[in-house]
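*Asks:* Data: model.csv, CSV, C-alpha atoms and all ligand atoms.
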chain,number,residue,atom,x,y,z
A,1,MET,CA,22.0,-8.3,29.0
A,2,GLN,CA,21.5,-6.2,26.0
A,3,LEU,CA,18.7,-5.8,23.4
A,4,VAL,CA,21.3,-5.9,20.6
A,5,ASP,CA,25.0,-6.6,21.2
A,6,LEU,CA,27.0,-5.1,18.3
A,7,GLY,CA,30.3,-5.5,20.2
A,8,VAL,CA,30.3,-9.3,20.2
A,9,GLN,CA,29.9,-9.3,16.4
A,10,TYR,CA,32.7,-6.8,15.9
A,11,ASN,CA,35.0,-8.7,18.3
A,12,ALA,CA,34.5,-11.9,16.3
A,13,LEU,CA,35.5,-10.2,13.1
A,14,LYS,CA,37.8,-7.6,14.5
A,15,LYS,CA,40.9,-8.6,12.4
A,16,GLU,CA,39.0,-8.7,9.1
A,17,ILE,CA,37.1,-5.5,9.7
A,18,ASP,CA,40.1,-3.6,11.0
A,19,THR,CA,42.2,-4.7,8.0
A,20,ALA,CA,39.4,-3.6,5.6
A,21,ILE,CA,39.1,-0.2,7.3
A,22,GLN,CA,42.9,0.3,7.3
A,23,GLN,CA,43.1,-0.5,3.6
A,24,VAL,CA,40.5,2.2,2.7
A,25,ILE,CA,42.4,4.7,4.8
A,26,ASP,CA,45.7,3.7,3.2
A,27,GLU,CA,44.2,4.0,-0.3
A,28,GLY,CA,42.6,7.3,0.6
A,29,THR,CA,39.5,6.6,-1.5
A,30,PHE,CA,36.6,7.5,0.6
A,31,ILE,CA,33.8,8.5,-1.8
A,32,PHE,CA,33.2,6.0,-4.6
A,33,GLY,CA,35.7,3.3,-5.1
A,34,GLU,CA,36.2,-0.4,-5.5
A,35,ASN,CA,34.6,-1.4,-2.2
A,36,LEU,CA,31.3,0.3,-3.1
A,37,GLU,CA,31.2,-1.2,-6.5
A,38,LYS,CA,32.0,-4.7,-5.2
A,39,LEU,CA,29.5,-4.3,-2.4
A,40,GLU,CA,26.8,-3.3,-4.9
A,41,GLU,CA,27.6,-6.4,-7.0
A,42,GLU,CA,27.7,-8.7,-4.0
A,43,VAL,CA,24.4,-7.5,-2.4
A,44,ALA,CA,22.6,-7.6,-5.8
A,45,ASP,CA,23.9,-11.1,-6.3
A,46,TYR,CA,22.9,-12.1,-2.8
A,47,CYS,CA,19.4,-10.7,-3.2
A,48,GLY,CA,18.9,-12.1,-6.7
A,49,VAL,CA,18.5,-8.7,-8.3
A,50,SER,CA,20.4,-7.3,-11.3
A,51,TYR,CA,21.4,-3.9,-9.9
A,52,ALA,CA,22.1,-2.4,-6.5
A,53,VAL,CA,22.9,1.3,-5.8
A,54,GLY,CA,24.5,2.2,-2.4
A,55,LEU,CA,23.0,5.2,-0.7
A,56,ASN,CA,23.3,7.1,2.6
A,57,SER,CA,20.4,5.4,4.3
A,58,GLY,CA,17.4,3.2,4.0
A,59,THR,CA,15.3,6.3,4.2
A,60,ASP,CA,17.0,7.7,1.1
A,61,ALA,CA,16.4,4.4,-0.7
A,62,LEU,CA,12.7,4.8,-0.1
A,63,LEU,CA,12.8,8.5,-1.0
A,64,PHE,CA,14.6,7.9,-4.2
A,65,ALA,CA,12.2,5.1,-5.2
A,66,ILE,CA,9.3,7.6,-4.8
A,67,ARG,CA,11.2,10.2,-6.7
A,68,ASN,CA,12.2,7.8,-9.4
A,69,TYR,CA,8.5,7.3,-10.3
A,70,GLY,CA,7.9,11.1,-10.2
A,71,ILE,CA,5.3,10.6,-7.4
A,72,GLY,CA,4.3,14.0,-6.0
A,73,PRO,CA,1.4,16.3,-5.2
A,74,GLU,CA,-2.0,14.8,-5.8
A,75,ASP,CA,-0.6,11.3,-5.8
A,76,GLU,CA,-1.3,8.6,-3.3
A,77,VAL,CA,0.9,5.8,-2.1
A,78,ILE,CA,-0.5,2.8,-0.1
A,79,THR,CA,1.4,1.5,2.9
A,80,THR,CA,1.0,0.3,6.5
A,81,PRO,CA,0.7,2.6,9.5
A,82,PHE,CA,2.5,0.0,11.7
A,83,THR,CA,6.1,0.7,10.6
A,84,PHE,CA,9.0,3.0,11.2
A,85,ILE,CA,8.2,6.6,10.2
A,86,ALA,CA,10.6,6.6,7.2
A,87,THR,CA,8.2,4.4,5.2
A,88,ALA,CA,5.5,7.0,5.1
A,89,GLU,CA,7.7,10.1,5.7
A,90,VAL,CA,9.2,9.8,2.2
A,91,ILE,CA,5.8,9.9,0.6
A,92,ALA,CA,4.8,13.0,2.5
A,93,LEU,CA,8.2,14.6,1.8
A,94,GLU,CA,7.4,14.4,-1.9
A,95,HIS,CA,4.0,16.0,-1.2
A,96,ALA,CA,2.1,12.9,-2.0
A,97,LYS,CA,-0.4,11.3,0.5
A,98,PRO,CA,0.4,8.2,2.5
A,99,VAL,CA,-2.8,6.1,2.3
A,100,PHE,CA,-2.7,3.6,5.2
A,101,VAL,CA,-4.1,0.1,5.2
A,102,ASP,CA,-4.4,-1.7,8.5
A,103,ILE,CA,-2.3,-4.7,9.3
A,104,ASP,CA,-3.0,-8.4,9.6
A,105,PRO,CA,-2.8,-8.8,13.4
A,106,LYS,CA,-1.1,-12.2,13.1
A,107,THR,CA,1.9,-11.0,10.9
A,108,TYR,CA,1.9,-7.3,11.7
A,109,ASN,CA,2.3,-6.7,7.9
A,110,ILE,CA,-0.2,-5.0,5.6
A,111,ASP,CA,-3.5,-6.8,5.4
A,112,VAL,CA,-3.7,-7.6,1.7
A,113,SER,CA,-7.4,-8.1,1.8
A,114,LYS,CA,-7.9,-4.4,2.6
A,115,ILE,CA,-5.7,-2.9,-0.1
A,116,GLU,CA,-8.0,-2.8,-3.0
A,117,GLU,CA,-10.7,-0.7,-1.3
A,118,LYS,CA,-8.1,2.0,-0.8
A,119,ILE,CA,-7.1,2.3,-4.4
A,120,THR,CA,-8.2,5.5,-6.2
A,121,PRO,CA,-7.3,7.0,-9.6
A,122,LYS,CA,-4.6,8.9,-7.6
A,123,THR,CA,-2.8,5.8,-6.3
A,124,LYS,CA,0.6,5.3,-7.8
A,125,ALA,CA,2.4,2.7,-5.7
A,126,ILE,CA,2.2,0.3,-2.8
A,127,ILE,CA,5.0,0.0,-0.2
A,128,PRO,CA,4.7,-3.2,1.7
A,129,VAL,CA,7.0,-3.4,4.7
A,130,HIS,CA,8.7,-6.7,5.7
A,131,LEU,CA,8.3,-5.8,9.4
A,132,TYR,CA,10.5,-7.4,12.0
A,133,GLY,CA,12.2,-9.4,9.1
A,134,GLN,CA,9.0,-11.2,8.2
A,135,PRO,CA,8.1,-11.0,4.5
A,136,ALA,CA,4.8,-9.4,3.6
A,137,ASP,CA,2.3,-11.5,1.6
A,138,MET,CA,3.7,-10.4,-1.8
A,139,ASP,CA,1.8,-12.6,-4.3
A,140,PRO,CA,-1.6,-10.9,-3.7
A,141,ILE,CA,0.1,-7.5,-3.6
A,142,LEU,CA,1.7,-8.2,-7.0
A,143,VAL,CA,-1.7,-9.2,-8.4
A,144,ILE,CA,-3.4,-6.0,-7.2
A,145,ALA,CA,-0.5,-3.9,-8.4
A,146,LYS,CA,-0.7,-5.4,-11.9
A,147,LYS,CA,-4.5,-5.0,-12.1
A,148,HIS,CA,-4.3,-1.4,-11.2
A,149,ASN,CA,-1.0,-0.5,-12.8
A,150,LEU,CA,0.8,0.4,-9.6
A,151,LYS,CA,4.5,0.1,-8.7
A,152,VAL,CA,5.6,-2.0,-5.8
A,153,ILE,CA,8.4,-0.7,-3.6
A,154,GLU,CA,9.5,-3.2,-1.0
A,155,ASP,CA,10.6,-1.7,2.3
A,156,ALA,CA,13.1,-4.5,3.2
A,157,ALA,CA,15.0,-2.3,5.7
A,158,GLN,CA,14.5,-5.0,8.4
A,159,ALA,CA,14.7,-8.0,6.3
A,160,ILE,CA,17.8,-8.7,4.3
A,161,GLY,CA,17.9,-12.4,3.6
A,162,ALA,CA,14.2,-13.0,4.3
A,163,GLN,CA,12.5,-15.1,1.6
A,164,TYR,CA,9.0,-15.3,0.2
A,165,LYS,CA,8.2,-18.5,-1.7
A,166,GLY,CA,11.9,-19.0,-2.3
A,167,LYS,CA,12.6,-15.4,-3.5
A,168,ASN,CA,14.6,-13.0,-1.6
A,169,VAL,CA,12.9,-9.8,-0.4
A,170,THR,CA,13.9,-6.8,-2.6
A,171,SER,CA,13.7,-9.0,-5.7
A,172,ILE,CA,9.9,-9.4,-5.7
A,173,GLY,CA,8.6,-5.9,-6.4
A,174,ASP,CA,9.8,-3.2,-8.8
A,175,ILE,CA,12.3,-1.7,-6.4
A,176,GLY,CA,13.7,-3.0,-3.1
A,177,CYS,CA,15.1,-0.9,-0.3
A,178,LEU,CA,17.6,-1.9,2.3
A,179,SER,CA,18.9,-0.2,5.4
A,180,PHE,CA,22.3,-0.9,6.9
A,181,PHE,CA,21.6,1.0,10.1
A,182,PRO,CA,24.0,-0.5,12.7
A,183,ALA,CA,21.4,-2.6,14.5
A,184,LYS,CA,20.0,-4.1,11.3
A,185,ASN,CA,20.8,-7.8,10.4
A,186,LEU,CA,23.5,-6.4,8.2
A,187,GLY,CA,24.7,-3.3,9.9
A,188,ALA,CA,27.3,-0.7,9.0
A,189,PHE,CA,29.3,1.4,11.4
A,190,GLY,CA,27.1,4.4,10.7
A,191,ASP,CA,24.2,5.1,8.3
A,192,ALA,CA,24.0,3.4,5.0
A,193,GLY,CA,21.3,2.0,2.7
A,194,MET,CA,20.7,0.5,-0.8
A,195,ILE,CA,18.2,0.5,-3.6
A,196,LEU,CA,17.8,-2.6,-5.7
A,197,THR,CA,16.1,-3.2,-9.0
A,198,ASN,CA,16.2,-5.3,-12.1
A,199,ASP,CA,15.7,-2.2,-14.3
A,200,ALA,CA,19.0,-0.9,-15.7
A,201,SER,CA,17.5,2.5,-16.4
A,202,ILE,CA,16.3,2.9,-12.8
A,203,ALA,CA,19.8,1.9,-11.5
A,204,GLU,CA,21.4,4.5,-13.7
A,205,LYS,CA,19.1,7.2,-12.6
A,206,MET,CA,19.6,6.3,-8.9
A,207,LYS,CA,23.4,6.5,-9.4
A,208,MET,CA,22.9,10.0,-10.7
A,209,MET,CA,20.4,11.0,-8.0
A,210,ARG,CA,22.8,10.1,-5.2
A,211,ASN,CA,25.3,12.4,-6.8
A,212,HIS,CA,23.5,15.7,-7.5
A,213,GLY,CA,21.9,14.4,-10.8
A,214,SER,CA,25.4,14.1,-12.3
A,215,LYS,CA,27.0,11.4,-14.5
A,216,LYS,CA,29.9,13.5,-15.6
A,217,LYS,CA,31.8,15.5,-12.9
A,218,TYR,CA,30.4,19.0,-12.6
A,219,TYR,CA,27.7,18.5,-15.2
A,220,HIS,CA,24.2,18.1,-13.7
A,221,GLU,CA,21.2,16.8,-15.6
A,222,PHE,CA,18.5,17.0,-12.9
A,223,LEU,CA,18.1,17.9,-9.2
A,224,GLY,CA,19.6,15.2,-7.2
A,225,ASP,CA,21.0,14.8,-3.7
A,226,SER,CA,24.2,14.0,-1.8
A,227,SER,CA,23.5,10.4,-0.8
A,228,ARG,CA,26.5,8.2,-1.3
A,229,LEU,CA,27.3,5.0,0.6
A,230,ASP,CA,31.0,5.8,1.5
A,231,ASN,CA,33.8,3.4,0.8
A,232,LEU,CA,34.6,2.9,4.4
A,233,GLN,CA,31.1,1.6,5.2
A,234,ALA,CA,31.2,-0.4,2.0
A,235,ALA,CA,34.4,-2.1,3.1
A,236,ILE,CA,32.9,-3.0,6.5
A,237,LEU,CA,29.7,-4.2,5.0
A,238,ARG,CA,31.6,-6.5,2.5
A,239,VAL,CA,33.2,-8.3,5.4
A,240,LYS,CA,29.9,-8.7,7.2
A,241,LEU,CA,27.9,-9.7,4.1
A,242,ARG,CA,29.9,-13.0,4.1
A,243,HIS,CA,28.3,-13.9,7.4
A,244,ILE,CA,24.7,-12.8,6.9
A,245,ASP,CA,23.3,-16.2,6.2
A,246,GLU,CA,25.0,-17.7,9.3
A,247,TRP,CA,23.8,-14.8,11.4
A,248,ASN,CA,20.2,-15.0,10.1
A,249,GLU,CA,20.2,-18.8,10.8
A,250,LYS,CA,21.2,-18.1,14.4
A,251,ARG,CA,18.5,-15.5,14.7
A,252,ILE,CA,16.0,-18.1,13.4
A,253,GLN,CA,17.3,-20.7,16.0
A,254,ASN,CA,17.0,-18.1,18.8
A,255,ALA,CA,13.5,-17.3,17.7
A,256,LYS,CA,12.6,-21.0,17.8
A,257,ARG,CA,14.0,-21.3,21.3
A,258,TYR,CA,12.0,-18.3,22.5
A,259,SER,CA,8.9,-19.7,20.8
A,260,ASP,CA,9.3,-23.2,22.3
A,261,LEU,CA,9.7,-21.8,25.8
A,262,LEU,CA,6.8,-19.3,25.4
A,263,GLY,CA,4.6,-21.5,23.3
A,264,ASN,CA,2.3,-22.6,26.1
A,265,SER,CA,2.2,-19.3,27.9
A,266,ALA,CA,-0.1,-16.3,28.2
A,267,PHE,CA,1.9,-14.6,25.4
A,268,THR,CA,1.4,-14.6,21.7
A,269,THR,CA,4.6,-15.6,19.9
A,270,PRO,CA,5.4,-14.6,16.3
A,271,PHE,CA,3.4,-16.2,13.5
A,272,VAL,CA,5.3,-16.8,10.3
A,273,LEU,CA,3.4,-17.1,6.9
A,274,PRO,CA,3.8,-20.5,5.3
A,275,ASP,CA,6.5,-20.8,2.6
A,276,THR,CA,8.4,-17.8,3.9
A,277,LYS,CA,11.7,-17.4,5.8
A,278,ALA,CA,11.6,-14.7,8.5
A,279,VAL,CA,15.0,-13.4,9.7
A,280,TYR,CA,13.9,-11.9,13.0
A,281,GLN,CA,15.4,-8.4,13.0
A,282,GLN,CA,13.1,-8.3,16.0
A,283,TYR,CA,11.6,-11.1,18.1
A,284,THR,CA,8.3,-9.6,19.1
A,285,ILE,CA,5.7,-11.0,21.4
A,286,ARG,CA,2.3,-9.8,22.3
A,287,THR,CA,0.4,-9.3,25.6
A,288,GLN,CA,-2.4,-7.1,26.9
A,289,HIS,CA,-0.1,-6.5,29.9
A,290,ARG,CA,2.7,-5.1,27.8
A,291,ASP,CA,3.6,-2.0,29.9
A,292,LEU,CA,3.6,-4.0,33.1
A,293,VAL,CA,5.8,-6.8,31.6
A,294,GLN,CA,8.2,-4.3,30.1
A,295,HIS,CA,8.5,-2.4,33.4
A,296,LYS,CA,9.1,-5.6,35.4
A,297,LEU,CA,11.7,-6.9,32.9
A,298,LYS,CA,13.5,-3.6,33.2
A,299,ASP,CA,13.7,-4.0,37.0
A,300,LEU,CA,15.2,-7.4,36.4
A,301,GLY,CA,17.9,-5.9,34.1
A,302,ILE,CA,16.2,-7.3,30.9
A,303,PRO,CA,16.0,-4.6,28.2
A,304,THR,CA,13.1,-4.7,25.7
A,305,ALA,CA,11.7,-2.3,23.1
A,306,VAL,CA,8.4,-1.4,21.5
A,307,HIS,CA,8.3,-1.4,17.8
A,308,TYR,CA,6.2,0.8,17.5
A,309,PRO,CA,4.3,2.6,20.3
A,310,LEU,CA,2.3,5.0,18.1
A,311,PRO,CA,0.9,4.0,14.7
A,312,LEU,CA,1.8,6.5,11.9
A,313,HIS,CA,-1.7,7.8,11.3
A,314,LEU,CA,-1.7,9.1,14.9
A,315,GLN,CA,1.8,10.6,14.9
A,316,PRO,CA,1.7,14.4,15.5
A,317,VAL,CA,3.5,15.0,12.2
A,318,PHE,CA,0.7,13.4,10.2
A,319,GLN,CA,-2.1,14.7,12.5
A,320,ASN,CA,-0.9,18.2,11.6
A,321,MET,CA,-1.4,17.5,7.9
A,322,ASP,CA,-4.9,17.6,6.4
A,323,TYR,CA,-5.1,13.8,5.9
A,324,GLY,CA,-8.0,13.5,8.3
A,325,TYR,CA,-6.8,10.4,10.0
A,326,ARG,CA,-8.3,9.7,13.5
A,327,GLU,CA,-8.0,7.3,16.3
A,328,GLY,CA,-10.0,4.2,15.4
A,329,ASP,CA,-9.2,4.3,11.7
A,330,PHE,CA,-6.8,1.3,11.9
A,331,PRO,CA,-7.8,-0.7,14.9
A,332,GLU,CA,-5.4,-3.6,14.5
A,333,SER,CA,-2.4,-1.3,14.2
A,334,GLU,CA,-3.6,0.7,17.3
A,335,LYS,CA,-4.1,-2.5,19.3
A,336,ALA,CA,-0.7,-3.9,18.2
A,337,SER,CA,1.0,-0.7,19.2
A,338,LYS,CA,-0.3,-1.2,22.8
A,339,GLU,CA,0.5,-4.9,23.0
A,340,VAL,CA,3.8,-5.7,21.2
A,341,LEU,CA,7.1,-6.1,23.0
A,342,SER,CA,10.4,-6.9,21.3
A,343,LEU,CA,12.8,-9.1,23.3
A,344,PRO,CA,16.6,-9.2,23.2
A,345,MET,CA,17.6,-10.6,19.8
A,346,TYR,CA,20.9,-10.9,18.0
A,347,PRO,CA,22.7,-13.9,16.5
A,348,GLU,CA,25.1,-14.4,19.5
A,349,LEU,CA,22.4,-14.3,22.1
A,350,SER,CA,23.0,-17.3,24.4
A,351,ASN,CA,20.5,-20.1,25.2
A,352,LYS,CA,20.9,-19.2,28.8
A,353,ASP,CA,19.9,-15.6,28.2
A,354,ILE,CA,16.9,-16.7,26.2
A,355,GLU,CA,15.8,-19.0,29.0
A,356,THR,CA,16.3,-16.2,31.6
A,357,VAL,CA,14.1,-13.9,29.5
A,358,ALA,CA,11.4,-16.5,28.8
A,359,ASN,CA,11.2,-17.6,32.4
A,360,ALA,CA,11.1,-14.1,33.7
A,361,ILE,CA,8.2,-13.3,31.3
A,362,LYS,CA,6.3,-16.4,32.4
A,363,ASP,CA,6.8,-15.5,36.0
A,364,ILE,CA,5.4,-12.0,35.5
A,365,ILE,CA,2.2,-13.2,33.9
A,366,PRO,CA,1.6,-16.9,34.5
A,367,LYS,CA,-0.8,-18.7,32.3
B,401,LIG,C1,10.9,-0.4,8.2
B,401,LIG,C2,12.0,0.6,8.1
B,401,LIG,N1,12.0,1.4,7.0
B,401,LIG,C3,12.9,2.4,6.8
B,401,LIG,C4,14.0,2.5,7.7
B,401,LIG,C5,15.0,3.6,7.4
B,401,LIG,O1,16.3,3.2,7.3
B,401,LIG,P1,17.5,4.1,7.8
B,401,LIG,O2,17.5,4.2,9.2
B,401,LIG,O3,18.7,3.4,7.2
B,401,LIG,O4,17.2,5.4,7.1
B,401,LIG,C6,14.0,1.7,8.8
B,401,LIG,C7,15.2,1.7,9.7
B,401,LIG,O5,15.4,2.4,10.6
B,401,LIG,C8,13.0,0.7,9.0
B,401,LIG,O6,13.0,-0.1,10.1
Turn this file's structure into structure tokens for me.
Ligand SMILES: Cc1ncc(COP(=O)(O)O)c(C=O)c1O
*Replies:*
Amino acid sequence: MQLVDLGVQYNALKKEIDTAIQQVIDEGTFIFGENLEKLEEEVADYCGVSYAVGLNSGTDALLFAIRNYGIGPEDEVITTPFTFIATAEVIALEHAKPVFVDIDPKTYNIDVSKIEEKITPKTKAIIPVHLYGQPADMDPILVIAKKHNLKVIEDAAQAIGAQYKGKNVTSIGDIGCLSFFPAKNLGAFGDAGMILTNDASIAEKMKMMRNHGSKKKYYHEFLGDSSRLDNLQAAILRVKLRHIDEWNEKRIQNAKRYSDLLGNSAFTTPFVLPDTKAVYQQYTIRTQHRDLVQHKLKDLGIPTAVHYPLPLHLQPVFQNMDYGYREGDFPESEKASKEVLSLPMYPELSNKDIETVANAIKDIIPK
């Protein structure tokens, strides 16, 4: 059994994907080109956003969002410490301070009731993360952002296709960020990401930023970067995008199966906010015996993962900066990091495998 099986997805689409790759090679257009332009249109359309700009990675999407607003030294950006490092890393890379707000222990997303107390005159933006593919509670975040004149940058790296009150994630805040890392719900065959916005001027600036601050070849208006989503990845992603709803639906069904089987057990199954659609990039359960369960599952040949074992405020990289974060600052994140366990999850995961995993878990810690 695998945690994520990318091979089965490729095999199902092999003909279409191989043809798309061969076409790009035959055309010889690798950087910029029709596939990238079409992919940008198609993803923007899918997400219900006016503009999408393809980049090297989801990390660059977040970084460019921060740079777009000129966020830098002396500024603060609010986010969650229970996420992948990239979310906060980009804030620190621009010499601003990541100001963490603890999570809601039920959803693992930022606790909206604790945001306002962290706002200072230095606060410039909020980055909610739609962790595990579950939308953060966006309405209160938008209200707070409006009241304090803050930008909202959605980290939707794990959540393409997820919806909050009928709206696709990435279309709710000022800027949305996607990752097409291979294991994501929509994964490339390498690194890729995208930034989404309804603001034409931001899209224009992001297109220049990914290409050394240049609009016209060899003329550079500001310091940019080299961060293009290449045409080969775009061609692959276009084939896959046509299947994303079907794949997300299968993930939702798999999650339901897990939750039905584990519902009356010693384990906490994922809670989904009302009026949202979670797309289960991860199916993550919770138990105080996490390490024991993970260890025993491994012995049975069942792979699992911990997303994430150390909250960001306790990461050595941030401990080495003068932010002053200490153990105990964000108790819910610290507790979650010791208790969460992600089970095998991908669209093609069989019912039999789900049953095997669920039964093994229940045997390890009976109710
Ligand atoms: C929540 C979150 N933010 C940001 C990223 C960064 O995306 P990438 O790996 O494409 O740079 C990831 C993915 O790894 C992620 O899970």
*Asks:* Write out as a tab-separated table a residue-level contact list of chain A versus ligand LIG 401 (chain B) with cut-off 7 Å: for each qualifying residue the closest pair of atoms and the distance in Å to one decimal, counting only C-alpha atoms and all ligand atoms, rows sorted by chain and residue number upward.
*Replies:*
residue	atom	partner	partner_atom	distance
A:Ser57	CA	B:LIG401	O3	3.9
A:Gly58	CA	B:LIG401	O3	3.5
A:Thr59	CA	B:LIG401	O4	3.6
A:Asp60	CA	B:LIG401	O4	6.4
A:Thr83	CA	B:LIG401	C1	5.5
A:Phe84	CA	B:LIG401	C1	4.9
A:Ala86	CA	B:LIG401	C3	4.8
A:Thr87	CA	B:LIG401	N1	5.2
A:Val129	CA	B:LIG401	C1	6.0
A:Leu131	CA	B:LIG401	C1	6.1
A:Asp155	CA	B:LIG401	N1	5.8
A:Ala156	CA	B:LIG401	C1	6.8
A:Ala157	CA	B:LIG401	C2	4.8
A:Gln158	CA	B:LIG401	O6	5.4
A:Ser179	CA	B:LIG401	O3	4.0
A:Phe180	CA	B:LIG401	O3	5.6
A:Phe181	CA	B:LIG401	O3	4.8
A:Asp191	CA	B:LIG401	O3	5.9
A:Ala192	CA	B:LIG401	O3	5.7
A:Gly193	CA	B:LIG401	O3	5.4
*Asks:* In Å, rounded to a single decimal, give me how far atom CA of Lys114 of chain A is from atom CA of Leu142 of chain A.
*Replies:*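 We find that atom CA of Leu142 of chain A and atom CA of Lys114 of chain A lie 14.1 Å from each other.
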*Asks:* My list of candidates is A:Glu89, A:Asp363, A:Asp260, A:Asp45. Which is closest to Asn351 of chain A when distances are computed with all atoms listed in the file?
*Replies:*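 Using all atoms listed in the file, Asn351 of chain A sits closest to A:Asp260.
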*Asks:* Val340 of chain A: which residues within 6 Å, counting all atoms listed in the file, same-chain residues fewer than 3 positions away excluded, as a list in words?
*Replies:*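 After dropping sequence-adjacent residues, the list is Ile285, Arg286 and Ala336 of chain A.
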*Asks:* Taking 6 positions as the minimum chain separation for residues in the same chain, which residues sit within 12 Å of segment 248-250 of chain A when counting all atoms listed in the file? Answer as a list in words.
*Replies:* Gly133, Gln134, Gln158, Ala159, Ile160, Gly161, Ala162, Gln163, Lys184, Asn185, Leu186, Lys240, Leu241, Arg242, Lys256, Arg257, Lys277, Ala278, Val279, Tyr280, Gln281, Gln282, Met345, Tyr346, Pro347, Glu348, Leu349, Ser350 and Asn351 of chain A
*Asks:* Write out as a ChimeraX atom specification which residues come within 8 Å of Ile127 of chain A when counting all atoms listed in the file, dropping same-chain ones fewer than 6 positions away.
*Replies:* /A:77-80,87,152-155
*Asks:* Take atom CA of Ile361 of chain A and atom CA of Arg251 of chain A and report the distance between them in Å, one decimal.
*Replies:*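 Pair atom CA of Ile361 of chain A / atom CA of Arg251 of chain A returns 19.7 Å.
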*Asks:* Can you work out which one of A:Val293, A:Arg67, A:Pro105, A:Glu34 has the shortest atom-to-atom distance to Lys362 of chain A, counting only C-alpha atoms?
*Replies:*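 Checking each candidate against Lys362 of chain A, we get A:Val293 as the closest.
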*Asks:* Which residue out of A:Asp299, A:Asp353, A:Asp104, A:Asp111 has the minimum interatomic distance to Gln2 of chain A when only C-alpha atoms are used?
*Replies:*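 Closest candidate: A:Asp353.
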*Asks:* For Arg326 of chain A, find every residue with an atom within 12 Å (counting all atoms listed in the file), except residues of its own chain fewer than 6 positions away, and show them as a PyMOL selection string.
*Replies:* chain A and resi 100+311-316+318-320+334
*Asks:* I'd like the contact shell of Val272 of chain A - 9 Å cut-off, all atoms listed in the file, skipping same-chain residues fewer than 2 positions apart - returned as a PDB file with C-alpha atoms, keeping the file's coordinate frame.
*Replies:*
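Wrote it out as selection-v1.pdb, contents follow:
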ATOM      1  CA  LYS A 106      -1.100 -12.200  13.100  1.00  0.00           C
ATOM      2  CA  THR A 107       1.900 -11.000  10.900  1.00  0.00           C
ATOM      3  CA  GLN A 134       9.000 -11.200   8.200  1.00  0.00           C
ATOM      4  CA  PRO A 135       8.100 -11.000   4.500  1.00  0.00           C
ATOM      5  CA  PRO A 270       5.400 -14.600  16.300  1.00  0.00           C
ATOM      6  CA  PRO A 274       3.800 -20.500   5.300  1.00  0.00           C
ATOM      7  CA  ASP A 275       6.500 -20.800   2.600  1.00  0.00           C
ATOM      8  CA  THR A 276       8.400 -17.800   3.900  1.00  0.00           C
ATOM      9  CA  LYS A 277      11.700 -17.400   5.800  1.00  0.00           C
ATOM     10  CA  ALA A 278      11.600 -14.700   8.500  1.00  0.00           C
TER      11      ALA A 278
END
*Asks:* Check the smallest atom-to-atom distance from each of A:Leu237, A:Ile172, A:Leu273, A:Leu223 to Tyr10 of chain A using only C-alpha atoms, then report the winner.
*Replies:*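 Using only C-alpha atoms, Tyr10 of chain A sits closest to A:Leu237.
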*Asks:* Please check which residues have atoms at most 12 Å from (-7.5, -7.5, 0.0) in the file's coordinates, counting only C-alpha atoms, and write them as a PyMOL selection string.
*Replies:* chain A and resi 101-104+110-119+137-145
*Asks:* Between atom CA of Gln233 of chain A and atom CA of Ala188 of chain A, measure the distance and give it in Å to one decimal.
*Replies:*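 Separating atom CA of Gln233 of chain A from atom CA of Ala188 of chain A is a distance of 5.8 Å.
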*Asks:* Using only C-alpha atoms, find all polymer residues with an atom at most 10 Å away from the point (-1.4, 3.5, -14.0); report them as a ChimeraX atom specification.
*Replies:* /A:121-125,145-151
*Asks:* I need the residue nearest Asn231 of chain A from this list: A:Glu355, A:Glu37, A:Glu94, A:Glu42. Use all atoms listed in the file for the distance.
*Replies:*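 Closest to Asn231 of chain A of all the choices is A:Glu37.
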*Asks:* Between A:Ile365, A:Ile175, A:Val239, A:Ala234, which is the closest to Ser265 of chain A once you count all atoms listed in the file?
*Replies:*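 Among the listed residues, the smallest separation from Ser265 of chain A belongs to A:Ile365.
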*Asks:* Complete segment 103-110 of chain A with N, CA and C atoms (output as a short mmCIF file (atom, residue, chain, number, x, y, z; two decimals), keeping the file's coordinate frame).
*Replies:*
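Result file follows (result-v8.cif):
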data_model
loop_
_atom_site.label_atom_id
_atom_site.label_comp_id
_atom_site.auth_asym_id
_atom_site.auth_seq_id
_atom_site.Cartn_x
_atom_site.Cartn_y
_atom_site.Cartn_z
N ILE A 103 -3.11 -3.49 9.40
CA ILE A 103 -2.30 -4.70 9.30
C ILE A 103 -3.09 -5.96 9.63
N ASP A 104 -2.52 -7.07 9.22
CA ASP A 104 -3.00 -8.40 9.60
C ASP A 104 -2.46 -8.58 11.06
N PRO A 105 -3.33 -8.79 12.04
CA PRO A 105 -2.80 -8.80 13.40
C PRO A 105 -1.92 -10.01 13.71
N LYS A 106 -1.93 -11.02 12.82
CA LYS A 106 -1.10 -12.20 13.10
C LYS A 106 0.38 -11.89 12.64
N THR A 107 0.54 -11.24 11.49
CA THR A 107 1.90 -11.00 10.90
C THR A 107 2.41 -9.62 11.19
N TYR A 108 1.54 -8.69 11.53
CA TYR A 108 1.90 -7.30 11.70
C TYR A 108 2.18 -6.58 10.36
N ASN A 109 2.04 -7.31 9.28
CA ASN A 109 2.30 -6.70 7.90
C ASN A 109 0.95 -6.29 7.32
N ILE A 110 1.04 -5.51 6.26
CA ILE A 110 -0.20 -5.00 5.60
C ILE A 110 -1.18 -6.07 5.31
#
